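Data block for start-v6.txt (compact mmCIF, C-alpha atoms):
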```txt
# COMPACT_ATOMS: atom_id res chain seq x y z
CA MET U 1 12.38 -24.03 -64.50
CA GLU U 2 11.37 -20.73 -62.99
CA PRO U 3 9.10 -22.35 -60.34
CA GLU U 4 11.95 -24.68 -59.36
CA LYS U 5 14.28 -21.71 -58.81
CA ASN U 6 11.65 -19.94 -56.76
CA LYS U 7 11.05 -23.07 -54.70
CA THR U 8 14.80 -23.52 -54.10
CA ALA U 9 15.19 -19.85 -53.12
CA PHE U 10 12.21 -20.11 -50.76
CA SER U 11 13.59 -23.26 -49.11
CA LEU U 12 16.99 -21.61 -48.67
CA ALA U 13 15.39 -18.52 -47.16
CA ALA U 14 13.26 -20.69 -44.87
CA SER U 15 16.26 -22.73 -43.72
CA TRP U 16 18.23 -19.52 -43.12
CA PHE U 17 15.34 -18.10 -41.07
CA VAL U 18 15.03 -21.28 -39.03
CA ARG U 19 18.79 -21.52 -38.44
CA TRP U 20 19.47 -17.86 -37.60
CA VAL U 21 16.18 -16.86 -35.97
CA LEU U 22 14.03 -19.73 -34.72
CA ASN U 23 16.89 -21.96 -33.56
CA ASN U 24 19.11 -19.13 -32.32
CA LYS U 25 19.20 -18.95 -28.52
CA ALA U 26 20.31 -15.32 -28.41
CA VAL U 27 17.48 -14.22 -30.71
CA SER U 28 14.96 -16.27 -28.71
CA VAL U 29 16.08 -14.60 -25.47
CA LEU U 30 15.84 -11.14 -27.05
CA VAL U 31 12.37 -11.88 -28.43
CA ILE U 32 11.20 -13.09 -25.00
CA LEU U 33 12.61 -9.96 -23.33
CA LEU U 34 10.90 -7.80 -25.96
CA LEU U 35 7.56 -9.52 -25.33
CA ILE U 36 7.96 -9.02 -21.57
CA GLN U 37 8.65 -5.29 -22.08
CA VAL U 38 5.63 -4.97 -24.39
CA ASN U 39 3.44 -6.63 -21.75
CA ILE U 40 4.76 -4.27 -19.08
CA LEU U 41 4.01 -1.25 -21.28
CA LEU U 42 0.51 -2.48 -22.04
CA LEU U 43 -0.46 -3.36 -18.46
CA PRO U 44 -1.34 0.24 -17.39
CA ARG U 45 -3.67 0.55 -20.39
CA ILE U 46 -5.64 -2.58 -19.49
CA SER U 47 -5.49 -2.21 -15.70
CA PHE U 48 -9.31 -2.01 -15.56
CA ILE U 49 -9.40 -5.73 -16.38
CA PHE U 50 -7.72 -6.46 -13.04
CA ALA U 51 -10.07 -4.24 -11.00
CA PRO U 52 -12.10 -7.22 -9.67
CA LEU U 53 -8.86 -8.96 -8.70
CA PHE U 54 -7.63 -5.87 -6.83
CA ALA U 55 -10.99 -5.62 -5.05
CA LEU U 56 -10.73 -9.27 -4.01
CA ILE U 57 -7.19 -8.74 -2.71
CA SER U 58 -8.22 -5.63 -0.75
CA VAL U 59 -11.00 -7.59 0.97
CA MET U 60 -9.30 -10.98 1.42
CA GLY U 61 -5.65 -9.94 1.62
CA LEU U 62 -5.46 -9.30 5.36
CA PRO U 63 -7.38 -12.42 6.51
CA LEU U 64 -5.35 -14.58 4.10
CA ILE U 65 -2.08 -13.21 5.48
CA MET U 66 -3.22 -13.67 9.08
CA ALA U 67 -4.47 -17.19 8.39
CA GLY U 68 -1.22 -18.03 6.58
CA VAL U 69 0.91 -16.84 9.50
CA LEU U 70 -1.17 -18.84 11.98
CA TYR U 71 -1.04 -21.86 9.66
CA TYR U 72 2.75 -21.86 9.71
CA LEU U 73 2.69 -21.58 13.50
CA LEU U 74 0.11 -24.31 14.15
CA SER U 75 0.74 -26.77 11.32
CA PRO U 76 3.75 -28.46 13.02
CA LEU U 77 1.63 -28.96 16.14
CA ILE U 78 -1.20 -30.58 14.12
CA ASP U 79 1.34 -32.81 12.33
CA TRP U 80 2.83 -33.85 15.68
CA MET U 81 -0.62 -34.68 17.04
CA GLU U 82 -1.21 -36.89 13.99
CA THR U 83 1.91 -38.87 14.88
CA LYS U 84 0.32 -39.45 18.32
CA LYS U 85 -2.71 -41.16 16.71
CA ILE U 86 -4.95 -38.07 16.93
CA ASN U 87 -6.77 -37.54 13.63
CA ARG U 88 -6.27 -34.18 11.94
CA LEU U 89 -9.80 -32.91 12.50
CA GLY U 90 -9.63 -33.81 16.19
CA GLY U 91 -6.25 -32.08 16.54
CA ILE U 92 -7.58 -28.93 14.87
CA THR U 93 -10.57 -28.96 17.23
CA ILE U 94 -8.31 -29.27 20.28
CA VAL U 95 -6.08 -26.42 19.07
CA PHE U 96 -9.05 -24.15 18.38
CA VAL U 97 -10.52 -24.86 21.83
CA VAL U 98 -7.18 -24.03 23.48
CA ILE U 99 -6.86 -20.81 21.45
CA LEU U 100 -10.41 -19.79 22.40
CA GLY U 101 -9.58 -20.46 26.05
CA LEU U 102 -6.43 -18.32 25.83
CA LEU U 103 -8.37 -15.55 24.09
CA ALA U 104 -11.06 -15.65 26.79
CA TRP U 105 -8.37 -15.43 29.48
CA GLY U 106 -6.69 -12.56 27.63
CA VAL U 107 -9.96 -10.65 27.25
CA THR U 108 -10.77 -10.96 30.95
CA ALA U 109 -7.25 -10.60 32.42
CA LEU U 110 -4.94 -8.76 30.01
CA ILE U 111 -7.11 -6.71 27.66
CA PRO U 112 -8.52 -4.40 30.39
CA VAL U 113 -5.00 -3.65 31.66
CA ILE U 114 -3.67 -3.08 28.14
CA ARG U 115 -6.66 -0.89 27.30
CA GLU U 116 -6.26 1.21 30.44
CA GLN U 117 -2.50 1.65 29.99
CA SER U 118 -2.77 2.37 26.24
CA LEU U 119 -5.50 5.00 26.67
CA SER U 120 -3.61 6.66 29.50
CA LEU U 121 -0.38 6.65 27.49
CA LEU U 122 -2.08 8.15 24.41
CA GLU U 123 -3.94 10.79 26.41
CA ASN U 124 -0.83 11.96 28.28
CA TRP U 125 1.76 11.42 25.55
CA GLN U 126 1.85 15.07 24.46
CA ASP U 127 2.48 16.14 28.08
CA TYR U 128 5.18 13.51 28.50
CA LEU U 129 6.82 14.63 25.28
CA ALA U 130 6.70 18.30 26.30
CA SER U 131 8.23 17.44 29.66
CA PHE U 132 10.92 15.37 27.95
CA ILE U 133 11.79 18.23 25.59
CA ALA U 134 11.89 20.65 28.55
CA LYS U 135 14.39 18.37 30.30
CA ILE U 136 16.51 18.31 27.12
CA ASP U 137 16.39 22.13 27.03
CA THR U 138 17.47 22.30 30.67
CA PHE U 139 20.32 19.88 30.00
CA PHE U 140 21.62 21.87 27.04
CA GLU U 141 21.29 25.19 28.88
CA SER U 142 24.17 24.32 31.21
CA GLU U 143 27.16 26.67 30.97
CA PHE U 144 29.50 24.13 29.41
CA LEU U 145 27.03 22.95 26.76
CA ALA U 146 25.86 26.50 26.02
CA GLY U 147 29.44 27.48 25.17
CA LEU U 148 29.85 24.31 23.11
CA GLN U 149 26.69 25.13 21.14
CA GLU U 150 27.98 28.62 20.29
CA GLN U 151 31.28 27.16 19.07
CA LEU U 152 29.59 24.50 16.91
CA THR U 153 26.67 26.45 15.45
CA GLY U 154 27.71 30.08 15.82
CA GLU U 155 24.48 30.92 17.63
CA GLU U 156 23.12 30.39 21.11
CA GLY U 157 20.75 27.46 21.59
CA GLY U 158 21.27 26.11 18.06
CA ILE U 159 21.59 22.45 19.02
CA THR U 160 18.68 22.64 21.46
CA ALA U 161 16.36 24.16 18.89
CA THR U 162 17.35 21.59 16.28
CA ILE U 163 16.83 18.61 18.60
CA THR U 164 13.54 20.02 19.91
CA ASP U 165 12.20 20.58 16.40
CA GLN U 166 13.25 17.14 15.17
CA VAL U 167 11.90 15.24 18.18
CA GLY U 168 8.69 17.24 18.26
CA GLY U 169 8.12 16.80 14.54
CA PHE U 170 8.77 13.04 14.68
CA PHE U 171 6.45 12.31 17.58
CA GLY U 172 3.89 14.82 16.38
CA SER U 173 3.56 12.98 13.09
CA THR U 174 3.43 9.70 15.00
CA VAL U 175 0.52 10.86 17.16
CA SER U 176 -1.33 12.34 14.18
CA GLY U 177 -0.96 8.99 12.41
CA ILE U 178 -2.86 7.25 15.19
CA GLY U 179 -6.09 8.52 13.65
CA ASN U 180 -5.32 6.60 10.48
CA VAL U 181 -4.86 3.44 12.53
CA PHE U 182 -8.32 3.75 14.01
CA GLY U 183 -9.67 4.30 10.50
CA ILE U 184 -8.97 0.66 9.57
CA VAL U 185 -10.64 -0.85 12.63
CA THR U 186 -13.59 -2.08 10.54
CA THR U 187 -11.31 -3.90 8.09
CA THR U 188 -9.41 -5.47 10.97
CA VAL U 189 -12.58 -6.67 12.68
CA LEU U 190 -13.82 -8.26 9.45
CA ALA U 191 -10.43 -9.92 9.03
CA LEU U 192 -10.57 -11.29 12.58
CA ILE U 193 -14.00 -12.78 11.86
CA THR U 194 -12.92 -14.32 8.54
CA THR U 195 -9.48 -15.60 9.56
CA PRO U 196 -10.61 -18.58 11.72
CA PHE U 197 -12.62 -20.08 8.84
CA ILE U 198 -9.71 -19.76 6.40
CA LEU U 199 -7.31 -21.12 9.02
CA PHE U 200 -9.50 -24.15 9.65
CA TYR U 201 -9.50 -25.20 5.99
CA LEU U 202 -5.78 -24.46 5.64
CA LEU U 203 -4.98 -26.73 8.60
CA LYS U 204 -7.39 -29.38 7.33
CA ASP U 205 -6.40 -29.50 3.64
CA GLY U 206 -3.35 -27.25 3.27
CA HIS U 207 -0.86 -30.15 3.28
CA HIS U 208 -2.59 -31.52 0.13
CA LEU U 209 -2.10 -28.26 -1.78
CA PRO U 210 1.26 -29.20 -3.43
CA TYR U 211 -0.30 -32.36 -4.88
CA HIS U 212 -3.08 -30.36 -6.57
CA ILE U 213 -0.65 -27.68 -7.80
CA MET U 214 1.54 -30.30 -9.47
CA LYS U 215 -1.39 -31.32 -11.72
CA PHE U 216 -1.05 -27.98 -13.56
CA VAL U 217 2.73 -28.32 -14.05
CA PRO U 218 4.12 -30.11 -17.14
CA SER U 219 5.27 -33.65 -16.34
CA HIS U 220 8.97 -33.08 -17.05
CA MET U 221 9.03 -30.01 -14.75
CA ARG U 222 7.21 -31.45 -11.73
CA GLU U 223 10.26 -32.78 -9.89
CA GLN U 224 12.12 -29.47 -10.06
CA THR U 225 9.00 -27.41 -9.38
CA TYR U 226 8.10 -29.44 -6.32
CA ARG U 227 11.65 -29.07 -4.96
CA LEU U 228 11.47 -25.32 -5.54
CA LEU U 229 8.09 -24.99 -3.79
CA ARG U 230 9.31 -27.10 -0.87
CA GLU U 231 12.38 -24.91 -0.32
CA MET U 232 10.33 -21.71 -0.62
CA ASN U 233 7.84 -23.07 1.91
CA MET U 234 10.68 -24.02 4.25
CA GLN U 235 12.23 -20.55 4.09
CA ILE U 236 8.91 -18.79 4.76
CA SER U 237 7.87 -21.15 7.56
CA GLN U 238 11.22 -20.93 9.35
CA TYR U 239 11.24 -17.15 9.16
CA ILE U 240 7.64 -16.67 10.32
CA ARG U 241 7.90 -19.12 13.21
CA GLY U 242 11.29 -17.82 14.23
CA GLN U 243 10.44 -14.12 14.12
CA LEU U 244 7.14 -14.50 15.95
CA LEU U 245 8.69 -16.64 18.68
CA VAL U 246 11.58 -14.20 19.10
CA ALA U 247 9.12 -11.27 19.20
CA PHE U 248 7.07 -13.08 21.87
CA PHE U 249 10.11 -13.70 24.07
CA VAL U 250 11.37 -10.13 23.59
CA GLY U 251 8.01 -8.72 24.66
CA LEU U 252 7.91 -11.11 27.61
CA MET U 253 11.44 -10.18 28.73
CA PHE U 254 10.71 -6.44 28.52
CA TRP U 255 7.42 -6.87 30.39
CA ILE U 256 9.04 -8.85 33.21
CA GLY U 257 12.10 -6.58 33.40
CA LEU U 258 10.15 -3.31 33.36
CA SER U 259 7.64 -4.67 35.90
CA ILE U 260 10.48 -5.67 38.26
CA ILE U 261 12.01 -2.17 38.21
CA GLY U 262 8.53 -0.59 38.59
CA LEU U 263 8.28 1.36 35.32
CA GLU U 264 4.88 2.78 34.36
CA TYR U 265 3.05 1.14 31.42
CA ALA U 266 5.30 -1.94 31.63
CA LEU U 267 2.81 -4.30 29.95
CA THR U 268 1.97 -1.96 27.05
CA LEU U 269 5.62 -1.06 26.47
CA GLY U 270 6.57 -4.75 26.54
CA ILE U 271 3.92 -5.59 23.91
CA LEU U 272 5.11 -2.65 21.81
CA ALA U 273 8.72 -3.87 22.05
CA GLY U 274 7.69 -7.38 20.97
CA ALA U 275 5.66 -6.08 18.01
CA LEU U 276 8.43 -3.74 16.84
CA ASN U 277 10.94 -6.59 17.11
CA LEU U 278 9.38 -7.92 13.89
CA ILE U 279 11.42 -5.16 12.20
CA PRO U 280 14.91 -6.73 12.02
CA PHE U 281 17.82 -4.87 13.69
CA LEU U 282 15.95 -1.60 14.26
CA GLY U 283 12.72 -2.68 15.96
CA THR U 284 14.00 -3.10 19.51
CA PHE U 285 15.93 0.18 19.44
CA ILE U 286 12.84 2.04 18.21
CA ALA U 287 10.80 0.47 21.03
CA VAL U 288 13.34 1.64 23.60
CA ILE U 289 12.73 5.32 22.73
CA PRO U 290 9.30 5.61 24.46
CA ILE U 291 10.62 3.46 27.33
CA PHE U 292 13.44 5.94 27.95
CA ILE U 293 11.06 8.90 27.64
CA ILE U 294 8.69 7.41 30.24
CA ALA U 295 11.64 6.64 32.54
CA ILE U 296 12.99 10.20 32.29
CA VAL U 297 9.64 11.99 32.64
CA LEU U 298 7.79 9.93 35.30
CA HIS U 299 10.60 8.57 37.46
CA PRO U 300 13.74 9.75 39.27
CA PRO U 301 17.09 9.68 37.39
CA LEU U 302 17.98 6.27 38.87
CA MET U 303 15.17 4.69 36.82
CA LEU U 304 17.04 5.51 33.60
CA LEU U 305 19.96 3.40 34.80
CA LYS U 306 17.59 0.54 35.69
CA VAL U 307 16.00 0.68 32.22
CA LEU U 308 19.45 0.60 30.66
CA ILE U 309 20.32 -2.51 32.69
CA VAL U 310 17.06 -4.19 31.60
CA PHE U 311 17.84 -3.35 27.98
CA ILE U 312 21.38 -4.78 28.22
CA ILE U 313 20.11 -7.99 29.85
CA GLU U 314 17.36 -8.35 27.22
CA GLN U 315 19.79 -7.83 24.34
CA THR U 316 22.23 -10.33 25.84
CA LEU U 317 19.56 -13.01 26.33
CA GLU U 318 18.08 -12.36 22.89
CA GLY U 319 21.44 -12.49 21.10
CA ARG U 320 23.02 -15.36 23.04
CA VAL U 321 20.04 -17.58 23.91
CA VAL U 322 16.74 -16.82 22.14
CA GLN U 323 17.85 -16.16 18.56
CA PRO U 324 20.38 -19.06 18.33
CA LEU U 325 17.79 -21.50 19.69
CA VAL U 326 14.80 -20.24 17.72
CA LEU U 327 16.21 -18.79 14.50
CA GLY U 328 19.68 -20.33 14.25
CA SER U 329 21.10 -19.68 10.78
CA SER U 330 18.13 -21.07 8.88
CA LEU U 331 17.94 -18.26 6.33
CA ASN U 332 21.70 -18.18 5.72
CA ILE U 333 21.68 -14.46 4.83
CA HIS U 334 24.71 -12.28 5.50
CA PRO U 335 24.08 -9.36 7.92
CA VAL U 336 25.25 -6.82 5.32
CA THR U 337 22.71 -8.27 2.86
CA ILE U 338 19.98 -7.99 5.51
CA ILE U 339 20.79 -4.30 6.06
CA ALA U 340 20.80 -3.63 2.30
CA VAL U 341 17.45 -5.44 1.87
CA LEU U 342 15.88 -3.51 4.77
CA LEU U 343 17.03 -0.14 3.43
CA THR U 344 15.90 -0.91 -0.11
CA ALA U 345 12.53 -2.44 0.86
CA GLY U 346 11.85 0.37 3.32
CA SER U 347 12.63 3.00 0.70
CA LEU U 348 10.36 1.34 -1.88
CA PHE U 349 7.42 0.14 0.23
CA GLY U 350 7.74 1.80 3.66
CA LEU U 351 7.01 -0.15 6.86
CA PRO U 352 5.39 -3.17 5.09
CA GLY U 353 8.54 -3.47 2.98
CA VAL U 354 10.72 -3.51 6.09
CA ILE U 355 8.63 -6.30 7.62
CA ILE U 356 8.29 -8.55 4.57
CA GLY U 357 11.58 -7.60 2.88
CA ILE U 358 13.67 -10.40 4.42
CA PRO U 359 11.27 -13.32 3.72
CA ALA U 360 10.65 -11.96 0.21
CA TYR U 361 14.41 -11.85 -0.39
CA ALA U 362 14.78 -15.40 0.97
CA VAL U 363 12.10 -16.67 -1.46
CA LEU U 364 13.64 -14.74 -4.37
CA LYS U 365 17.03 -16.18 -3.49
CA VAL U 366 15.63 -19.73 -3.67
CA VAL U 367 14.10 -19.02 -7.10
CA LEU U 368 17.32 -17.50 -8.44
CA VAL U 369 19.43 -20.40 -7.12
CA HIS U 370 17.19 -22.89 -8.91
CA LEU U 371 17.28 -20.83 -12.12
CA PHE U 372 21.06 -20.69 -11.95
CA LYS U 373 21.27 -24.46 -11.41
CA TRP U 374 19.05 -24.96 -14.45
CA TYR U 375 21.27 -22.57 -16.45
CA GLN U 376 24.37 -24.50 -15.34
CA SER U 377 22.96 -27.83 -16.51
CA TYR U 378 21.50 -26.35 -19.71
CA THR U 379 24.65 -24.59 -20.93
CA GLY U 380 27.24 -27.06 -19.61
CA MET U 381 29.66 -24.18 -18.93
CA TYR U 382 30.07 -25.04 -15.24
CA ALA U 383 30.95 -28.73 -15.49
CA ASP U 384 34.50 -28.15 -14.21
CA ASP U 385 34.80 -27.30 -10.49
CA TYR U 386 38.29 -25.82 -10.88
CA ASN U 387 38.71 -22.58 -8.92
CA PRO U 388 42.10 -20.78 -8.83
CA ALA U 389 41.16 -18.68 -5.77
CA PRO U 390 42.17 -20.03 -2.33
CA LYS U 391 39.40 -21.94 -0.61
CA PRO U 392 38.04 -20.22 2.54
CA LEU U 393 38.65 -21.99 5.82
CA VAL U 394 35.50 -23.41 7.41
CA SER U 395 35.37 -24.33 11.09
CA GLU U 396 34.13 -27.72 12.21
CA LYS U 397 31.12 -26.08 13.84
CA LYS U 398 30.12 -24.39 10.58
CA LYS U 399 30.68 -27.65 8.66
CA LYS U 400 28.22 -29.40 10.97
CA LYS U 401 25.66 -26.61 10.45
CA LEU U 402 26.03 -26.81 6.66
CA LEU U 403 25.69 -30.59 6.76
CA LYS U 404 22.60 -30.31 8.95
CA ARG U 405 21.06 -27.76 6.55
CA LYS U 406 21.71 -30.02 3.55
CA LYS U 407 20.00 -32.91 5.33
CA LYS U 408 16.96 -30.71 5.97
CA MET U 409 16.82 -29.73 2.30
CA THR U 410 16.80 -33.37 1.26
```
Let me see the file written as structure tokens.
Amino acid sequence: MEPEKNKTAFSLAASWFVRWVLNNKAVSVLVILLLIQVNILLLPRISFIFAPLFALISVMGLPLIMAGVLYYLLSPLIDWMETKKINRLGGITIVFVVILGLLAWGVTALIPVIREQSLSLLENWQDYLASFIAKIDTFFESEFLAGLQEQLTGEEGGITATITDQVGGFFGSTVSGIGNVFGIVTTTVLALITTPFILFYLLKDGHHLPYHIMKFVPSHMREQTYRLLREMNMQISQYIRGQLLVAFFVGLMFWIGLSIIGLEYALTLGILAGALNLIPFLGTFIAVIPIFIIAIVLHPPLMLLKVLIVFIIEQTLEGRVVQPLVLGSSLNIHPVTIIAVLLTAGSLFGLPGVIIGIPAYAVLKVVLVHLFKWYQSYTGMYADDYNPAPKPLVSEKKKKKLLKRKKKMT
């Protein structure tokens, strides 16, 4: 009799444990969160296990990123050539030959000019900066501004000293950081040598990668996983192609505009403007600072007005023509969100965070949208579409864009 009671008590306890612990969704979620936190706490203690992985990333990270960027740029061209009855290997060969030809032309025609202008600009930058600060001092030493400075700061020359110190400190740190740039030349050269080989195999076999990845995904999750990977790939590819094309046209417009007005170092400053344009919102305005300094120091006052006109024309063409045609609204991210992402990513990771913050946010947004859709279907709490708030008005133009985006997704 006693064993029967013990058996009954054990079965009741087991059923209670199964019902309230194993089959309880809230407890399962809490246990999963606890396990994640434990893993996070333990990771620093076992970081030595990942040392070989970190070493591999430090060596292969840069060439993989460069090859990935070039893959997203060239893959549509290879796919188009396949539709024209050119086999993939032949298309890749043609593209590589064209790139080698462009590189040879650049080395013989552009690189010497860029090298000469860059070396001259770096060698004379301290003198240009000193001359620029002297002109600022002269401007603020006028009678009207001198009186205004005393009223605002309570001391003579307060504003001038503040501006001089800030500008000098900023550009001084910039020039001192140039040495660090030259310190990674070896890594860059190795990456340039390795990148073409990685790019070749990405262009040759990269389109088969999703098929091989799906083999490691459980059968019932493959449809959703493939849709998620496809949308992530679309977001990254659209951003990379769009930003690089916009940066190219921005650099080209600055080069042409500055060459027409006769500004010194037009080619180097144009390339710098194009490269800095990869930083959303702020890049072009940062690039304009050295352009204005060169215009003020090396040219008569009229040149500053010409540079301002070039900048206005460039911004108009970029905002009204280049960006709508190249980027469109593919990422569908609100401008306020972009600013918040840039500030947060820049604060956490510096310049690399500013550059990769937007595509990383776009990928994270895709993942979260898919997780929320799964949560909707799993819980069944969002079956009713009733919404008491007034529906926002959508123009016909925006409706067409949304419809076009949905067609691309499918």
(request) Dump as a list of chain:residue names all residues having an atom at most 9 Å from (-7.1, -30.0, 15.4), computed in the file's coordinates with only C-alpha atoms. (result)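 Checking each residue against the 9 Å limit leaves U:Leu77, U:Ile78, U:Met81, U:Ile86, U:Asn87, U:Arg88, U:Leu89, U:Gly90, U:Gly91, U:Ile92, U:Thr93, U:Ile94, U:Val95, U:Phe96, U:Val97, U:Phe200, U:Leu203, U:Lys204.
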(message) Just checking: using only C-alpha atoms, which residue out of U:Ser131, U:Ile136, U:Tyr72, U:Glu116 ends up closest to His207 (chain U)?
(response) U:Tyr72
(request) Using only C-alpha atoms, find the one residue out of U:Pro196, U:Gly346, U:Leu351, U:Gln117 that sits nearest to Ile99 (chain U). (result)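 Answer, going by the shortest atom-to-atom distance: U:Pro196.
Among the candidate residues U:Ile40, U:Val307, U:Met232, U:Leu102, the one lying nearest to Ala362 (chain U) is U:Met232, with distances computed using all atoms listed in the file.
Closest approach to Pro335 (chain U) among U:Ile358, U:Pro76, U:Lys365, U:Arg241 is made by U:Ile358 (distances from only C-alpha atoms).
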(request) Return the single residue from U:Val113, U:Leu73, U:Ile355, U:Ala340 that is closest to Ala266 (chain U), with distances computed using all atoms listed in the file. (result) U:Val113
(message) Report, in Å to a single decimal, how far apart CA of Glu318 (chain U) and CA of Trp255 (chain U) are.
(response) 14.1 Å
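Taking CA of Leu35 (chain U) and CA of Ile49 (chain U) as the two end points, the separation is 19.5 Å.
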(request) Work out how far apart CA of Ile286 (chain U) and CA of Glu314 (chain U) are and give it in Å to one decimal. (result)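 Answer for the CA of Ile286 (chain U) to CA of Glu314 (chain U) separation: 14.5 Å.
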(message) Show me, as number ranges by chain, the residues that have an atom within 12 Å of Leu308 (chain U) when counting all atoms listed in the file, minus same-chain residues fewer than 6 positions from it.
(response) U: 254, 257-258, 261, 285, 288-289, 291-292, 295-296, 301-302, 314-315
Based on the selection just made, write C-alpha atoms of those residues as a CSV table (one decimal), in the coordinates of the input.
```csv
chain,number,residue,atom,x,y,z
U,254,PHE,CA,10.7,-6.4,28.5
U,257,GLY,CA,12.1,-6.6,33.4
U,258,LEU,CA,10.2,-3.3,33.4
U,261,ILE,CA,12.0,-2.2,38.2
U,285,PHE,CA,15.9,0.2,19.4
U,288,VAL,CA,13.3,1.6,23.6
U,289,ILE,CA,12.7,5.3,22.7
U,291,ILE,CA,10.6,3.5,27.3
U,292,PHE,CA,13.4,5.9,28.0
U,295,ALA,CA,11.6,6.6,32.5
U,296,ILE,CA,13.0,10.2,32.3
U,301,PRO,CA,17.1,9.7,37.4
U,302,LEU,CA,18.0,6.3,38.9
U,314,GLU,CA,17.4,-8.4,27.2
U,315,GLN,CA,19.8,-7.8,24.3
```
For region 330-371 of chain U against region 215-229 of chain U, with a cut-off of 8 Å and counting all atoms listed in the file, what is the closest atom pair and its distance in Å to one decimal for every residue that makes the cut, ordered by chain and number, as CSV?
```
residue,atom,partner,partner_atom,distance
U:Val366,CA,U:Leu228,CA,7.2
U:Val367,CA,U:Leu228,CA,7.0
U:His370,CA,U:Leu228,CA,7.1
```
(message) When you count only C-alpha atoms, which of these residues is closest to Thr194 (chain U): U:Gly61, U:Leu342, U:Gly274, U:Met303?
(response)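 Among the listed residues, U:Gly61 lies closest to Thr194 (chain U).
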